[in-house]
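A.B. asks: run.csv is reproduced in full below (CSV, C-alpha atoms (C1' of nucleotides)).
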```csv
chain,number,residue,atom,x,y,z
A,25,MET,CA,4.9,-13.3,1.3
A,26,ALA,CA,8.6,-14.0,1.1
A,27,THR,CA,9.8,-11.0,-0.8
A,28,PRO,CA,8.0,-7.7,-0.3
A,29,LYS,CA,8.9,-5.8,-3.5
A,30,PRO,CA,10.9,-2.7,-2.6
A,31,TYR,CA,9.4,0.7,-3.3
A,32,ALA,CA,10.7,2.7,-6.2
A,33,PRO,CA,13.1,5.5,-5.4
A,34,PHE,CA,10.7,8.4,-5.5
A,35,THR,CA,8.3,6.5,-3.3
A,36,VAL,CA,11.0,5.9,-0.7
A,37,ARG,CA,11.9,9.5,-0.6
A,38,ALA,CA,8.4,10.7,-0.5
A,39,LEU,CA,7.6,8.4,2.4
A,40,ALA,CA,10.6,9.9,4.3
A,41,VAL,CA,9.4,13.4,3.6
A,42,ILE,CA,5.9,12.7,4.8
A,43,ARG,CA,7.2,11.1,8.0
A,44,SER,CA,9.3,14.2,8.7
A,45,ILE,CA,6.4,16.6,8.8
A,46,PRO,CA,6.2,17.6,12.4
A,47,ARG,CA,3.1,17.4,14.5
A,48,GLY,CA,1.3,20.7,14.5
A,49,LYS,CA,2.4,21.5,10.9
A,50,VAL,CA,1.0,20.7,7.5
A,51,ALA,CA,2.6,20.3,4.1
A,52,THR,CA,1.2,20.5,0.6
A,53,TYR,CA,1.3,17.7,-1.9
A,54,ALA,CA,3.5,19.8,-4.2
A,55,GLN,CA,5.8,20.5,-1.3
A,56,VAL,CA,6.3,16.9,-0.5
A,57,ALA,CA,6.9,16.2,-4.1
A,58,ALA,CA,9.5,19.0,-4.4
A,59,VAL,CA,11.4,18.0,-1.3
A,60,ALA,CA,11.3,14.4,-2.5
A,61,GLY,CA,13.0,15.6,-5.6
A,62,SER,CA,10.3,15.8,-8.2
A,63,PRO,CA,8.6,19.2,-8.1
A,64,LEU,CA,5.9,18.3,-10.6
A,65,ALA,CA,4.9,15.0,-9.0
A,66,ALA,CA,2.3,16.3,-6.6
A,67,ARG,CA,-0.2,13.9,-8.1
A,68,GLN,CA,2.0,11.0,-7.4
A,69,VAL,CA,2.2,12.0,-3.8
A,70,ALA,CA,-1.6,11.8,-3.7
A,71,ARG,CA,-1.3,8.3,-5.1
A,72,ILE,CA,1.2,7.3,-2.5
A,73,LEU,CA,-0.9,8.6,0.4
A,74,HIS,CA,-3.9,6.9,-1.0
A,75,SER,CA,-2.4,3.5,-1.3
A,76,LEU,CA,0.3,3.4,1.3
A,77,SER,CA,-0.9,5.4,4.3
A,78,ARG,CA,-2.3,2.4,6.1
A,79,LYS,CA,0.4,-0.1,5.4
A,80,GLU,CA,3.2,2.4,6.2
A,81,ARG,CA,1.4,4.1,9.1
A,82,LEU,CA,2.0,7.6,7.6
A,83,PRO,CA,1.0,10.9,9.2
A,84,TRP,CA,-1.1,11.2,6.1
A,85,HIS,CA,-3.4,13.8,7.7
A,86,ARG,CA,-0.6,16.4,7.6
A,87,VAL,CA,-0.7,16.7,3.8
A,88,ILE,CA,-3.2,19.1,2.3
A,89,ASN,CA,-3.7,20.9,-1.0
A,90,SER,CA,-1.9,24.1,-2.2
A,91,ARG,CA,-5.0,26.2,-1.4
A,92,GLY,CA,-4.4,25.4,2.2
A,93,SER,CA,-7.3,23.0,2.8
A,94,ILE,CA,-8.3,19.4,3.1
A,95,SER,CA,-8.6,17.8,-0.3
A,96,LEU,CA,-10.6,14.7,0.7
A,97,PRO,CA,-14.3,15.0,0.1
A,98,ARG,CA,-16.8,15.0,3.0
A,99,GLY,CA,-17.9,11.5,3.8
A,100,ALA,CA,-14.7,10.2,2.3
A,101,GLY,CA,-12.0,11.1,4.7
A,102,PHE,CA,-12.5,14.8,5.3
A,103,GLU,CA,-13.8,14.3,8.8
A,104,GLN,CA,-11.1,11.9,9.8
A,105,GLN,CA,-8.4,14.2,8.5
A,106,LYS,CA,-9.9,17.2,10.3
A,107,ALA,CA,-10.1,15.2,13.6
A,108,ALA,CA,-6.6,14.0,13.2
A,109,LEU,CA,-5.3,17.5,12.6
A,110,GLN,CA,-7.1,18.8,15.6
A,111,ARG,CA,-5.5,16.1,17.7
A,112,ASP,CA,-2.2,17.5,16.5
A,113,GLY,CA,-3.3,20.9,17.8
A,114,VAL,CA,-4.1,22.3,14.4
A,115,LYS,CA,-7.3,24.3,14.1
A,116,VAL,CA,-9.3,23.4,11.0
A,117,LYS,CA,-12.1,25.7,9.9
A,118,GLU,CA,-15.5,24.4,8.8
A,119,ASP,CA,-14.5,24.6,5.1
A,120,GLY,CA,-11.4,22.5,5.8
A,121,SER,CA,-8.9,25.2,5.7
A,122,VAL,CA,-6.0,25.8,8.1
A,123,ASP,CA,-4.0,28.9,8.8
A,124,MET,CA,-1.1,28.4,6.5
A,125,LYS,CA,0.7,31.4,7.8
A,126,ARG,CA,1.2,29.6,11.1
A,127,ARG,CA,0.9,26.0,10.1
A,128,LEU,CA,2.7,25.5,6.8
A,129,TRP,CA,5.8,23.3,7.4
A,130,VAL,CA,9.1,25.0,6.4
A,131,PRO,CA,11.4,22.1,5.7
A,132,ARG,CA,14.9,22.4,7.1
A,133,ILE,CA,17.5,22.8,4.4
A,134,ASP,CA,20.5,21.2,6.1
A,135,ALA,CA,23.7,20.8,4.1
B,7,DG,C1',-13.6,24.6,-14.7
B,8,DC,C1',-10.1,22.7,-17.6
B,9,DC,C1',-6.3,19.9,-18.7
B,10,DA,C1',-1.1,18.9,-18.4
B,11,DT,C1',1.7,16.5,-15.3
B,12,DG,C1',4.8,12.3,-13.3
B,13,DG,C1',5.9,8.1,-11.3
B,14,DC,C1',4.4,3.6,-10.4
B,15,DT,C1',1.1,0.2,-6.3
B,16,DA,C1',-2.1,-3.4,-5.5
B,17,DG,C1',-4.3,-7.1,-6.8
B,18,DT,C1',-5.1,-10.7,-9.9
B,19,DA,C1',-3.8,-14.5,-13.3
C,27,DG,C1',-4.6,3.4,-16.1
C,28,DC,C1',-4.6,5.5,-11.7
C,29,DC,C1',-4.4,9.6,-8.4
C,30,DA,C1',-6.3,12.8,-1.7
C,31,DT,C1',-2.9,18.1,-7.6
C,32,DG,C1',-2.0,22.6,-9.4
C,33,DG,C1',-2.2,26.7,-11.6
C,34,DC,C1',-4.0,29.4,-15.1
C,35,DT,C1',-7.7,31.3,-18.3
C,36,DA,C1',-12.0,32.8,-19.8
C,37,DG,C1',-16.0,34.7,-19.0
C,38,DT,C1',-19.0,37.1,-15.8
C,39,DA,C1',-20.4,40.7,-12.3
```
Translate this file's structure into structure tokens.

C.D. replies:
Amino acid sequence: MATPKPYAPFTVRALAVIRSIPRGKVATYAQVAAVAGSPLAARQVARILHSLSRKERLPWHRVINSRGSISLPRGAGFEQQKAALQRDGVKVKEDGSVDMKRRLWVPRIDA
DNA sequence: GCCATGGCTAGTA
DNA sequence: GCCATGGCTAGTA
């Protein structure tokens, strides 16, 4: 309990990216991976969300798949994610999809 | 529906 | 090994 092992670089960057998704917007796993510097590491983002969401208090519900819908299975997080998104003001259809035209996060590219 | 892809946590010994 | 992905093809209608 003395030395919490520091997260690896990609993990640190991904955490920052996830935290920067604004309320009312959603991002895809691939998008988070790309902004964090590894465009092909979408799967790793899933891993990070799976294992670190609780501990790091992440806005995990704002990350969805590239088809524009919730990836978690019904009965295994789907409902929670849907509810959390709705609390953000995001409408989620019965099939778990959201209006990407309106809701997809467009990251700021500053300097 | 298949399969290539990437970076590494959590939990135990 | 694990993972809450992604994207592309074959094979149908």

A.B. asks: Within 9 Å of chain B, which residues of chain A show up? Give each one with its shortest atom-to-atom distance in Å (one decimal) and the two atoms involved, counting all atoms listed in the file, rows by chain then rising residue number, as JSON lines.

C.D. replies:
```
{"residue": "A:Tyr31", "atom": "CA", "partner": "B:DT15", "partner_atom": "C1'", "distance": 8.8}
{"residue": "A:Ala32", "atom": "CA", "partner": "B:DC14", "partner_atom": "C1'", "distance": 7.6}
{"residue": "A:Phe34", "atom": "CA", "partner": "B:DG13", "partner_atom": "C1'", "distance": 7.5}
{"residue": "A:Thr35", "atom": "CA", "partner": "B:DG13", "partner_atom": "C1'", "distance": 8.5}
{"residue": "A:Ser62", "atom": "CA", "partner": "B:DG12", "partner_atom": "C1'", "distance": 8.3}
{"residue": "A:Leu64", "atom": "CA", "partner": "B:DT11", "partner_atom": "C1'", "distance": 6.6}
{"residue": "A:Ala65", "atom": "CA", "partner": "B:DG12", "partner_atom": "C1'", "distance": 5.1}
{"residue": "A:Ala66", "atom": "CA", "partner": "B:DG12", "partner_atom": "C1'", "distance": 8.2}
{"residue": "A:Arg67", "atom": "CA", "partner": "B:DG12", "partner_atom": "C1'", "distance": 7.4}
{"residue": "A:Gln68", "atom": "CA", "partner": "B:DG13", "partner_atom": "C1'", "distance": 6.2}
{"residue": "A:Arg71", "atom": "CA", "partner": "B:DT15", "partner_atom": "C1'", "distance": 8.5}
{"residue": "A:Ile72", "atom": "CA", "partner": "B:DT15", "partner_atom": "C1'", "distance": 8.1}
{"residue": "A:Ser75", "atom": "CA", "partner": "B:DT15", "partner_atom": "C1'", "distance": 6.9}
{"residue": "A:Leu76", "atom": "CA", "partner": "B:DT15", "partner_atom": "C1'", "distance": 8.3}
```

A.B. asks: Generate the output file for the selected residues, C-alpha atoms, as a JSON list (two decimals), in the frame of the given file.

C.D. replies:
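Listing of part-v4.json after writing:
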```
[["chain", "number", "residue", "atom", "x", "y", "z"],
["A", 31, "TYR", "CA", 9.40, 0.70, -3.30],
["A", 32, "ALA", "CA", 10.70, 2.70, -6.20],
["A", 34, "PHE", "CA", 10.70, 8.40, -5.50],
["A", 35, "THR", "CA", 8.30, 6.50, -3.30],
["A", 62, "SER", "CA", 10.30, 15.80, -8.20],
["A", 64, "LEU", "CA", 5.90, 18.30, -10.60],
["A", 65, "ALA", "CA", 4.90, 15.00, -9.00],
["A", 66, "ALA", "CA", 2.30, 16.30, -6.60],
["A", 67, "ARG", "CA", -0.20, 13.90, -8.10],
["A", 68, "GLN", "CA", 2.00, 11.00, -7.40],
["A", 71, "ARG", "CA", -1.30, 8.30, -5.10],
["A", 72, "ILE", "CA", 1.20, 7.30, -2.50],
["A", 75, "SER", "CA", -2.40, 3.50, -1.30],
["A", 76, "LEU", "CA", 0.30, 3.40, 1.30]]
```

A.B. asks: How many Å separate CA of Tyr53 (chain A) from CA of Ser90 (chain A)?

C.D. replies: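 That distance, rounded to one decimal, is 7.2 Å.
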
A.B. asks: Between A:Val130, A:Ala38, A:Val116, A:Ala70, which residue has the minimum interatomic distance to Leu96 (chain A), considering only C-alpha atoms?

C.D. replies: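 Result for the nearest residue to Leu96 (chain A): A:Ala70.
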
A.B. asks: How many Å separate CA of Lys79 (chain A) from CA of Val114 (chain A)?

C.D. replies: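 Between these atoms lies a distance of 24.6 Å.
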
A.B. asks: Report the distance between CA of Val36 (chain A) and CA of Ala108 (chain A) in Å, rounded to one decimal place.

C.D. replies: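 Value for the CA of Val36 (chain A)-CA of Ala108 (chain A) distance: 23.8 Å.
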
A.B. asks: In file coordinates, which residues lie within 10 Å of (8.3, 15.9, 3.8) using only C-alpha atoms (C1' of nucleotides), given as a list of chain:residue names?

C.D. replies: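 Residues close enough to count: A:Arg37, A:Ala38, A:Leu39, A:Ala40, A:Val41, A:Ile42, A:Arg43, A:Ser44, A:Ile45, A:Pro46, A:Val50, A:Ala51, A:Thr52, A:Tyr53, A:Gln55, A:Val56, A:Ala57, A:Ala58, A:Val59, A:Ala60, A:Arg86, A:Val87, A:Trp129, A:Val130, A:Pro131, A:Arg132.
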